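The file data-v2.cif comes next; it holds mmCIF, C-alpha atoms and all ligand atoms.
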data_structure
loop_
_atom_site.group_PDB
_atom_site.id
_atom_site.type_symbol
_atom_site.label_atom_id
_atom_site.label_comp_id
_atom_site.auth_asym_id
_atom_site.auth_seq_id
_atom_site.Cartn_x
_atom_site.Cartn_y
_atom_site.Cartn_z
ATOM 1 C CA MET A 1 -15.187 3.215 -63.691
ATOM 2 C CA SER A 2 -18.109 0.917 -64.344
ATOM 3 C CA VAL A 3 -21.667 1.217 -63.046
ATOM 4 C CA GLY A 4 -24.149 -1.604 -62.362
ATOM 5 C CA ILE A 5 -27.780 -1.854 -61.352
ATOM 6 C CA GLY A 6 -29.394 -4.345 -58.998
ATOM 7 C CA TYR A 7 -32.974 -5.165 -58.089
ATOM 8 C CA ASP A 8 -34.430 -7.698 -55.684
ATOM 9 C CA SER A 9 -37.691 -8.447 -53.914
ATOM 10 C CA HIS A 10 -38.749 -10.903 -51.222
ATOM 11 C CA ARG A 11 -42.147 -11.648 -49.711
ATOM 12 C CA PHE A 12 -42.856 -11.409 -46.014
ATOM 13 C CA ALA A 13 -43.054 -14.657 -44.037
ATOM 14 C CA GLU A 14 -43.946 -15.440 -40.443
ATOM 15 C CA GLY A 15 -41.345 -16.717 -38.049
ATOM 16 C CA ARG A 16 -38.284 -15.253 -39.716
ATOM 17 C CA PRO A 17 -36.048 -12.353 -38.675
ATOM 18 C CA LEU A 18 -36.046 -9.266 -40.915
ATOM 19 C CA ILE A 19 -32.448 -8.740 -42.068
ATOM 20 C CA LEU A 20 -31.664 -5.645 -44.162
ATOM 21 C CA GLY A 21 -28.086 -4.680 -44.981
ATOM 22 C CA GLY A 22 -26.874 -7.189 -42.422
ATOM 23 C CA VAL A 23 -28.910 -5.491 -39.687
ATOM 24 C CA GLU A 24 -31.790 -7.186 -37.865
ATOM 25 C CA VAL A 25 -34.766 -4.823 -37.959
ATOM 26 C CA PRO A 26 -37.485 -5.456 -35.349
ATOM 27 C CA HIS A 27 -40.733 -6.436 -37.110
ATOM 28 C CA GLU A 28 -43.436 -9.076 -36.676
ATOM 29 C CA LYS A 29 -42.420 -10.734 -39.973
ATOM 30 C CA GLY A 30 -39.206 -11.422 -41.815
ATOM 31 C CA LEU A 31 -38.597 -12.166 -45.488
ATOM 32 C CA ALA A 32 -38.862 -15.569 -47.138
ATOM 33 C CA GLY A 33 -35.880 -16.889 -49.057
ATOM 34 C CA HIS A 34 -33.293 -19.609 -49.472
ATOM 35 C CA SER A 35 -30.635 -17.487 -47.741
ATOM 36 C CA ASP A 36 -31.346 -14.965 -44.968
ATOM 37 C CA ALA A 37 -33.396 -13.081 -47.629
ATOM 38 C CA ASP A 38 -31.511 -9.806 -47.081
ATOM 39 C CA VAL A 39 -33.133 -7.972 -49.993
ATOM 40 C CA LEU A 40 -30.888 -4.898 -49.612
ATOM 41 C CA THR A 41 -27.645 -6.868 -49.653
ATOM 42 C CA HIS A 42 -28.903 -8.951 -52.597
ATOM 43 C CA ALA A 43 -29.644 -5.815 -54.655
ATOM 44 C CA VAL A 44 -26.218 -4.410 -53.741
ATOM 45 C CA ILE A 45 -24.528 -7.683 -54.762
ATOM 46 C CA ASP A 46 -26.306 -7.641 -58.136
ATOM 47 C CA ALA A 47 -25.318 -4.009 -58.710
ATOM 48 C CA ILE A 48 -21.665 -4.847 -57.980
ATOM 49 C CA LEU A 49 -21.742 -7.971 -60.154
ATOM 50 C CA GLY A 50 -23.346 -5.912 -62.927
ATOM 51 C CA ALA A 51 -20.687 -3.220 -62.710
ATOM 52 C CA ALA A 52 -17.961 -5.850 -62.915
ATOM 53 C CA GLY A 53 -19.668 -7.858 -65.669
ATOM 54 C CA LEU A 54 -19.633 -10.980 -63.501
ATOM 55 C CA GLY A 55 -23.202 -12.205 -64.037
ATOM 56 C CA ASP A 56 -25.871 -12.141 -61.353
ATOM 57 C CA ILE A 57 -26.437 -13.390 -57.824
ATOM 58 C CA GLY A 58 -28.451 -16.416 -58.991
ATOM 59 C CA GLU A 59 -25.534 -17.538 -61.144
ATOM 60 C CA VAL A 60 -22.877 -17.033 -58.481
ATOM 61 C CA PHE A 61 -24.938 -18.462 -55.593
ATOM 62 C CA PRO A 62 -27.574 -20.833 -57.068
ATOM 63 C CA ASP A 63 -30.584 -21.270 -54.760
ATOM 64 C CA THR A 64 -30.575 -24.969 -55.670
ATOM 65 C CA ASP A 65 -27.250 -25.289 -53.844
ATOM 66 C CA PRO A 66 -27.717 -26.357 -50.205
ATOM 67 C CA ALA A 67 -24.485 -24.520 -49.387
ATOM 68 C CA TRP A 68 -26.404 -21.209 -49.525
ATOM 69 C CA GLU A 69 -29.395 -22.332 -47.448
ATOM 70 C CA GLY A 70 -29.827 -19.826 -44.642
ATOM 71 C CA ALA A 71 -26.653 -18.089 -45.824
ATOM 72 C CA ASP A 72 -25.611 -14.805 -44.256
ATOM 73 C CA SER A 73 -25.865 -12.454 -47.241
ATOM 74 C CA ILE A 74 -23.087 -10.266 -45.864
ATOM 75 C CA GLY A 75 -20.876 -13.337 -46.294
ATOM 76 C CA LEU A 76 -22.017 -13.571 -49.927
ATOM 77 C CA LEU A 77 -21.143 -9.902 -50.362
ATOM 78 C CA HIS A 78 -17.647 -10.601 -48.970
ATOM 79 C CA THR A 79 -17.254 -13.381 -51.553
ATOM 80 C CA VAL A 80 -18.316 -11.074 -54.403
ATOM 81 C CA ILE A 81 -15.905 -8.345 -53.269
ATOM 82 C CA GLY A 82 -13.162 -10.954 -53.432
ATOM 83 C CA MET A 83 -14.004 -11.498 -57.119
ATOM 84 C CA LEU A 84 -13.425 -7.832 -58.057
ATOM 85 C CA ARG A 85 -10.352 -6.470 -59.834
ATOM 86 C CA GLY A 86 -10.680 -3.073 -58.152
ATOM 87 C CA PRO A 87 -12.407 -1.165 -55.350
ATOM 88 C CA ILE A 88 -16.083 -0.330 -55.077
ATOM 89 C CA VAL A 89 -16.405 3.456 -55.254
ATOM 90 C CA ASN A 90 -19.985 3.924 -54.087
ATOM 91 C CA VAL A 91 -23.330 2.220 -53.697
ATOM 92 C CA ASP A 92 -26.721 3.903 -53.638
ATOM 93 C CA ALA A 93 -29.770 1.844 -52.707
ATOM 94 C CA THR A 94 -33.487 2.442 -52.207
ATOM 95 C CA LEU A 95 -35.657 0.096 -50.145
ATOM 96 C CA ILE A 96 -39.385 0.150 -50.922
ATOM 97 C CA CYS A 97 -41.978 -1.029 -48.390
ATOM 98 C CA GLU A 98 -44.902 0.245 -46.361
ATOM 99 C CA GLN A 99 -43.893 -1.346 -43.031
ATOM 100 C CA PRO A 100 -41.760 -1.298 -41.000
ATOM 101 C CA LYS A 101 -40.601 2.304 -41.094
ATOM 102 C CA LEU A 102 -36.926 1.976 -41.997
ATOM 103 C CA GLY A 103 -35.637 5.508 -41.409
ATOM 104 C CA PRO A 104 -34.380 4.847 -37.866
ATOM 105 C CA HIS A 105 -32.444 1.772 -39.049
ATOM 106 C CA ARG A 106 -30.706 3.355 -42.044
ATOM 107 C CA PRO A 107 -27.583 4.513 -40.148
ATOM 108 C CA ALA A 108 -26.932 0.960 -38.914
ATOM 109 C CA MET A 109 -27.352 -0.454 -42.450
ATOM 110 C CA VAL A 110 -25.017 2.204 -43.875
ATOM 111 C CA ALA A 111 -22.434 1.475 -41.167
ATOM 112 C CA ARG A 112 -22.557 -2.286 -41.783
ATOM 113 C CA LEU A 113 -22.321 -2.026 -45.564
ATOM 114 C CA THR A 114 -19.591 0.615 -45.335
ATOM 115 C CA ALA A 115 -17.533 -1.662 -43.098
ATOM 116 C CA VAL A 116 -17.890 -4.551 -45.556
ATOM 117 C CA THR A 117 -17.412 -2.697 -48.853
ATOM 118 C CA ASP A 118 -15.062 0.134 -47.807
ATOM 119 C CA ALA A 119 -17.115 2.300 -50.207
ATOM 120 C CA ARG A 120 -19.371 5.333 -49.912
ATOM 121 C CA ILE A 121 -22.788 3.868 -49.088
ATOM 122 C CA SER A 122 -26.193 5.476 -49.306
ATOM 123 C CA VAL A 123 -29.357 3.670 -48.193
ATOM 124 C CA LYS A 124 -32.700 5.340 -48.765
ATOM 125 C CA ALA A 125 -36.222 4.178 -47.993
ATOM 126 C CA THR A 126 -39.599 4.983 -49.485
ATOM 127 C CA THR A 127 -43.114 3.571 -49.565
ATOM 128 C CA ASN A 128 -45.116 2.604 -52.645
ATOM 129 C CA GLU A 129 -47.962 4.952 -51.631
ATOM 130 C CA GLY A 130 -50.193 1.953 -50.908
ATOM 131 C CA MET A 131 -50.126 0.725 -54.500
ATOM 132 C CA GLY A 132 -49.696 -2.854 -55.706
ATOM 133 C CA TRP A 133 -48.048 -5.763 -53.851
ATOM 134 C CA ILE A 134 -45.732 -3.493 -51.931
ATOM 135 C CA GLY A 135 -48.653 -1.292 -50.984
ATOM 136 C CA ARG A 136 -50.558 -4.330 -49.689
ATOM 137 C CA GLY A 137 -47.596 -5.125 -47.461
ATOM 138 C CA GLU A 138 -46.737 -8.404 -49.177
ATOM 139 C CA GLY A 139 -42.996 -7.832 -49.195
ATOM 140 C CA ILE A 140 -40.031 -5.528 -49.682
ATOM 141 C CA ALA A 141 -38.258 -4.471 -52.888
ATOM 142 C CA CYS A 142 -34.851 -2.880 -53.271
ATOM 143 C CA MET A 143 -33.024 -1.138 -56.097
ATOM 144 C CA ALA A 144 -29.317 -0.370 -56.028
ATOM 145 C CA VAL A 145 -26.578 1.055 -58.191
ATOM 146 C CA ALA A 146 -22.877 0.505 -57.636
ATOM 147 C CA ALA A 147 -19.767 1.973 -59.205
ATOM 148 C CA VAL A 148 -16.640 -0.174 -59.320
ATOM 149 C CA ASP A 149 -13.192 1.105 -60.323
ATOM 150 C CA LEU A 150 -11.927 -1.634 -62.655
ATOM 151 C CA ASP A 151 -8.936 0.309 -64.059
HETATM 152 MG MG MG B 201 -32.868 -12.127 -53.100
#
Give the structure from this file in structure tokens form.
Ligand code: MG
Amino acid sequence: MSVGIGYDSHRFAEGRPLILGGVEVPHEKGLAGHSDADVLTHAVIDAILGAAGLGDIGEVFPDTDPAWEGADSIGLLHTVIGMLRGPIVNVDATLICEQPKLGPHRPAMVARLTAVTDARISVKATTNEGMGWIGRGEGIACMAVAAVDLD
């Protein structure tokens, strides 16, 4: 069993949908990024890549490559799962933002990521107590850990 950590952050931008864990969350702003900017799925991908020793998301899907422009991050996650020698055991992630309130959307994110990974998924959400860039509502951060059974 091997464990990996992932972290990602994206800033809010007007005129984009907010996609978290493959789920569209109603909000007046989305996240800026080369792909769909799904900060949760990106952190999960990096945690899985870390556990498997396969580099990081920027190496596997370079943001200079037009192929990934507007990419569905769940599709990227599928690709990464295809690179693994064994099953993902579990993923635990924490989203950090002030708005929107994510609690009501967690079950949908868990369901989506469970369907894709076939692993035990936990998605948690917290605020940054008004401090720093997250506190000012400039964007969303996410941390994740993943365990992969490589034996
Ligand atoms: Mg990202």
Within 10 Å of ligand MG 201 (chain B), which residues of chain A come that close, and what is the closest atom pair and distance in Å for each? Count all atoms listed in the file and give it as CSV.
residue,atom,partner,partner_atom,distance
A:Tyr7,CA,B:MG201,MG,8.6
A:Asp8,CA,B:MG201,MG,5.4
A:Ser9,CA,B:MG201,MG,6.1
A:His10,CA,B:MG201,MG,6.3
A:Arg11,CA,B:MG201,MG,9.9
A:Leu31,CA,B:MG201,MG,9.5
A:Ala32,CA,B:MG201,MG,9.1
A:Gly33,CA,B:MG201,MG,6.9
A:His34,CA,B:MG201,MG,8.3
A:Ser35,CA,B:MG201,MG,7.9
A:Asp36,CA,B:MG201,MG,8.7
A:Ala37,CA,B:MG201,MG,5.6
A:Asp38,CA,B:MG201,MG,6.6
A:Val39,CA,B:MG201,MG,5.2
A:Leu40,CA,B:MG201,MG,8.3
A:Thr41,CA,B:MG201,MG,8.2
A:His42,CA,B:MG201,MG,5.1
A:Ala43,CA,B:MG201,MG,7.3
A:Ile45,CA,B:MG201,MG,9.6
A:Asp46,CA,B:MG201,MG,9.4
A:Ile57,CA,B:MG201,MG,8.1
A:Gly58,CA,B:MG201,MG,8.5
A:Asp63,CA,B:MG201,MG,9.6
A:Ser73,CA,B:MG201,MG,9.1
A:Ala141,CA,B:MG201,MG,9.4
A:Cys142,CA,B:MG201,MG,9.5
For the selection just defined, write its residues with C-alpha atoms to a file, as a PDB file, keeping the file's coordinate frame.
ATOM      1  CA  TYR A   7     -32.974  -5.165 -58.089  1.00  0.00           C
ATOM      2  CA  ASP A   8     -34.430  -7.698 -55.684  1.00  0.00           C
ATOM      3  CA  SER A   9     -37.691  -8.447 -53.914  1.00  0.00           C
ATOM      4  CA  HIS A  10     -38.749 -10.903 -51.222  1.00  0.00           C
ATOM      5  CA  ARG A  11     -42.147 -11.648 -49.711  1.00  0.00           C
ATOM      6  CA  LEU A  31     -38.597 -12.166 -45.488  1.00  0.00           C
ATOM      7  CA  ALA A  32     -38.862 -15.569 -47.138  1.00  0.00           C
ATOM      8  CA  GLY A  33     -35.880 -16.889 -49.057  1.00  0.00           C
ATOM      9  CA  HIS A  34     -33.293 -19.609 -49.472  1.00  0.00           C
ATOM     10  CA  SER A  35     -30.635 -17.487 -47.741  1.00  0.00           C
ATOM     11  CA  ASP A  36     -31.346 -14.965 -44.968  1.00  0.00           C
ATOM     12  CA  ALA A  37     -33.396 -13.081 -47.629  1.00  0.00           C
ATOM     13  CA  ASP A  38     -31.511  -9.806 -47.081  1.00  0.00           C
ATOM     14  CA  VAL A  39     -33.133  -7.972 -49.993  1.00  0.00           C
ATOM     15  CA  LEU A  40     -30.888  -4.898 -49.612  1.00  0.00           C
ATOM     16  CA  THR A  41     -27.645  -6.868 -49.653  1.00  0.00           C
ATOM     17  CA  HIS A  42     -28.903  -8.951 -52.597  1.00  0.00           C
ATOM     18  CA  ALA A  43     -29.644  -5.815 -54.655  1.00  0.00           C
ATOM     19  CA  ILE A  45     -24.528  -7.683 -54.762  1.00  0.00           C
ATOM     20  CA  ASP A  46     -26.306  -7.641 -58.136  1.00  0.00           C
ATOM     21  CA  ILE A  57     -26.437 -13.390 -57.824  1.00  0.00           C
ATOM     22  CA  GLY A  58     -28.451 -16.416 -58.991  1.00  0.00           C
ATOM     23  CA  ASP A  63     -30.584 -21.270 -54.760  1.00  0.00           C
ATOM     24  CA  SER A  73     -25.865 -12.454 -47.241  1.00  0.00           C
ATOM     25  CA  ALA A 141     -38.258  -4.471 -52.888  1.00  0.00           C
ATOM     26  CA  CYS A 142     -34.851  -2.880 -53.271  1.00  0.00           C
TER      27      CYS A 142
END
Task: Contacts of Val23 (chain A) at 8 Å (only C-alpha atoms; same-chain gap of 6+ positions) as a list in words - done: Ala108, Met109 and Arg112 of chain A
Task: Selection near Leu84 (chain A), 10 Å with all atoms listed in the file, sequence-local residues under 6 positions removed, as a PyMOL selection string - done: chain A and resi 48-49+51-54+148-150
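The closest residue to Gly132 (chain A), picked from A:Cys97, A:Ala47, A:Val3, A:Ile19 and counting all atoms listed in the file, is A:Cys97.
Our summary of the geometry notes that CA of Asp56 (chain A) is positioned 20.9 Å from CA of Val123 (chain A).
The shortest atom-to-atom distance to Val89 (chain A), with only C-alpha atoms taken into account, belongs to A:Asp118 out of A:Gly137, A:Glu28, A:Asp118, A:Leu18.
Across the model, the gap from CA of Lys29 (chain A) to CA of Glu14 (chain A) is 5.0 Å.
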For a cut-off of 9 Å around (-21.8, 8.1, -51.1), file coordinates, pick out all residues using all atoms listed in the file and list them as a CSV table (one decimal) with C-alpha atoms, keeping the file's coordinate frame.
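Output file part.csv follows:
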chain,number,residue,atom,x,y,z
A,89,VAL,CA,-16.4,3.5,-55.3
A,90,ASN,CA,-20.0,3.9,-54.1
A,91,VAL,CA,-23.3,2.2,-53.7
A,92,ASP,CA,-26.7,3.9,-53.6
A,119,ALA,CA,-17.1,2.3,-50.2
A,120,ARG,CA,-19.4,5.3,-49.9
A,121,ILE,CA,-22.8,3.9,-49.1
A,122,SER,CA,-26.2,5.5,-49.3
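Remark: for Ile96 (chain A), the closest of the candidate residues A:Pro66, A:Gly135, A:Gly75, A:Pro17 is A:Gly135 (distances computed over only C-alpha atoms).
Note that the spacing between CA of His78 (chain A) and CA of Gly22 (chain A) amounts to 11.8 Å.
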Task: Residue nearest Glu138 (chain A) - candidates A:Gln99, A:Gly70, A:Gly21, A:His27, atoms counted: all atoms listed in the file - done: A:Gln99
Would you place a box with edges along x, y and z of the file around all atoms of region 36-42 of chain A listed there, add 6 Å to each of its six sides, and report the centre and edge lengths in Å to one decimal, as lines of an AutoDock Vina configuration file?
center_x = -30.5
center_y = -9.9
center_z = -48.8
size_x = 17.8
size_y = 22.1
size_z = 19.6
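For the set A:Gly139, A:Thr94, A:Val116, A:Thr79, the residue with the smallest atom-to-atom gap to Phe12 (chain A) is A:Gly139, counting all atoms listed in the file.
Using the PyMOL selection byres (((chain A and resi 104) around 12) and not hetatm) on this structure selects Val23, Val25, Pro26, Pro100, Lys101, Leu102, Gly103, His105, Arg106, Pro107, Ala108, Met109, Val110, Val123, Lys124 and Ala125 of chain A.
For the residues A:Gly15, A:Pro62, A:Gly82, A:Gly50, ranking by smallest atom-to-atom distance to Ala146 (chain A) using all atoms listed in the file places A:Gly50 first.
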Is there a way to complete region 33-54 of chain A with N, CA, C and O atoms and then write that out as a compact mmCIF listing (two decimals), keeping the file's coordinate frame?
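Final output, saved to result20.txt:
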# COMPACT_ATOMS: atom_id res chain seq x y z
N GLY A 33 -36.96 -16.71 -48.09
CA GLY A 33 -35.88 -16.89 -49.06
C GLY A 33 -35.00 -18.06 -48.69
O GLY A 33 -35.05 -18.55 -47.56
N HIS A 34 -34.20 -18.48 -49.66
CA HIS A 34 -33.29 -19.61 -49.47
C HIS A 34 -32.18 -19.24 -48.49
O HIS A 34 -31.81 -20.01 -47.61
N SER A 35 -31.66 -18.00 -48.65
CA SER A 35 -30.64 -17.49 -47.74
C SER A 35 -31.35 -16.75 -46.60
O SER A 35 -32.50 -17.04 -46.30
N ASP A 36 -30.69 -15.78 -46.00
CA ASP A 36 -31.35 -14.96 -44.97
C ASP A 36 -32.31 -13.94 -45.57
O ASP A 36 -32.91 -13.15 -44.84
N ALA A 37 -32.43 -13.93 -46.91
CA ALA A 37 -33.40 -13.08 -47.63
C ALA A 37 -33.16 -11.58 -47.41
O ALA A 37 -34.09 -10.79 -47.39
N ASP A 38 -31.89 -11.22 -47.28
CA ASP A 38 -31.51 -9.81 -47.08
C ASP A 38 -31.62 -9.09 -48.42
O ASP A 38 -30.68 -9.03 -49.22
N VAL A 39 -32.81 -8.54 -48.68
CA VAL A 39 -33.13 -7.97 -49.99
C VAL A 39 -32.21 -6.81 -50.35
O VAL A 39 -31.86 -6.62 -51.52
N LEU A 40 -31.79 -6.03 -49.36
CA LEU A 40 -30.89 -4.90 -49.61
C LEU A 40 -29.52 -5.41 -50.05
O LEU A 40 -28.99 -4.97 -51.08
N THR A 41 -28.97 -6.35 -49.31
CA THR A 41 -27.64 -6.87 -49.65
C THR A 41 -27.69 -7.59 -50.99
O THR A 41 -26.73 -7.50 -51.78
N HIS A 42 -28.79 -8.27 -51.30
CA HIS A 42 -28.90 -8.95 -52.60
C HIS A 42 -28.91 -7.95 -53.75
O HIS A 42 -28.25 -8.17 -54.78
N ALA A 43 -29.63 -6.84 -53.60
CA ALA A 43 -29.64 -5.82 -54.66
C ALA A 43 -28.26 -5.20 -54.82
O ALA A 43 -27.80 -4.94 -55.94
N VAL A 44 -27.58 -4.99 -53.69
CA VAL A 44 -26.22 -4.41 -53.74
C VAL A 44 -25.27 -5.39 -54.44
O VAL A 44 -24.45 -4.99 -55.28
N ILE A 45 -25.37 -6.67 -54.12
CA ILE A 45 -24.53 -7.68 -54.76
C ILE A 45 -24.76 -7.68 -56.27
O ILE A 45 -23.80 -7.71 -57.07
N ASP A 46 -26.02 -7.63 -56.70
CA ASP A 46 -26.31 -7.64 -58.14
C ASP A 46 -25.79 -6.38 -58.82
O ASP A 46 -25.34 -6.43 -59.97
N ALA A 47 -25.86 -5.25 -58.13
CA ALA A 47 -25.32 -4.01 -58.71
C ALA A 47 -23.80 -4.12 -58.89
O ALA A 47 -23.25 -3.73 -59.93
N ILE A 48 -23.12 -4.70 -57.90
CA ILE A 48 -21.66 -4.85 -57.98
C ILE A 48 -21.29 -5.85 -59.08
O ILE A 48 -20.39 -5.59 -59.89
N LEU A 49 -22.01 -6.97 -59.11
CA LEU A 49 -21.74 -7.97 -60.15
C LEU A 49 -21.99 -7.37 -61.53
O LEU A 49 -21.23 -7.62 -62.48
N GLY A 50 -23.05 -6.56 -61.65
CA GLY A 50 -23.35 -5.91 -62.93
C GLY A 50 -22.24 -4.96 -63.34
O GLY A 50 -21.83 -4.94 -64.52
N ALA A 51 -21.76 -4.17 -62.40
CA ALA A 51 -20.69 -3.22 -62.71
C ALA A 51 -19.44 -3.95 -63.19
O ALA A 51 -18.73 -3.49 -64.08
N ALA A 52 -19.18 -5.11 -62.59
CA ALA A 52 -17.96 -5.85 -62.92
C ALA A 52 -18.17 -6.83 -64.08
O ALA A 52 -17.22 -7.49 -64.51
N GLY A 53 -19.40 -6.93 -64.57
CA GLY A 53 -19.67 -7.86 -65.67
C GLY A 53 -19.49 -9.31 -65.27
O GLY A 53 -19.04 -10.14 -66.05
N LEU A 54 -19.88 -9.63 -64.04
CA LEU A 54 -19.63 -10.98 -63.50
C LEU A 54 -20.92 -11.79 -63.35
O LEU A 54 -20.97 -12.71 -62.53
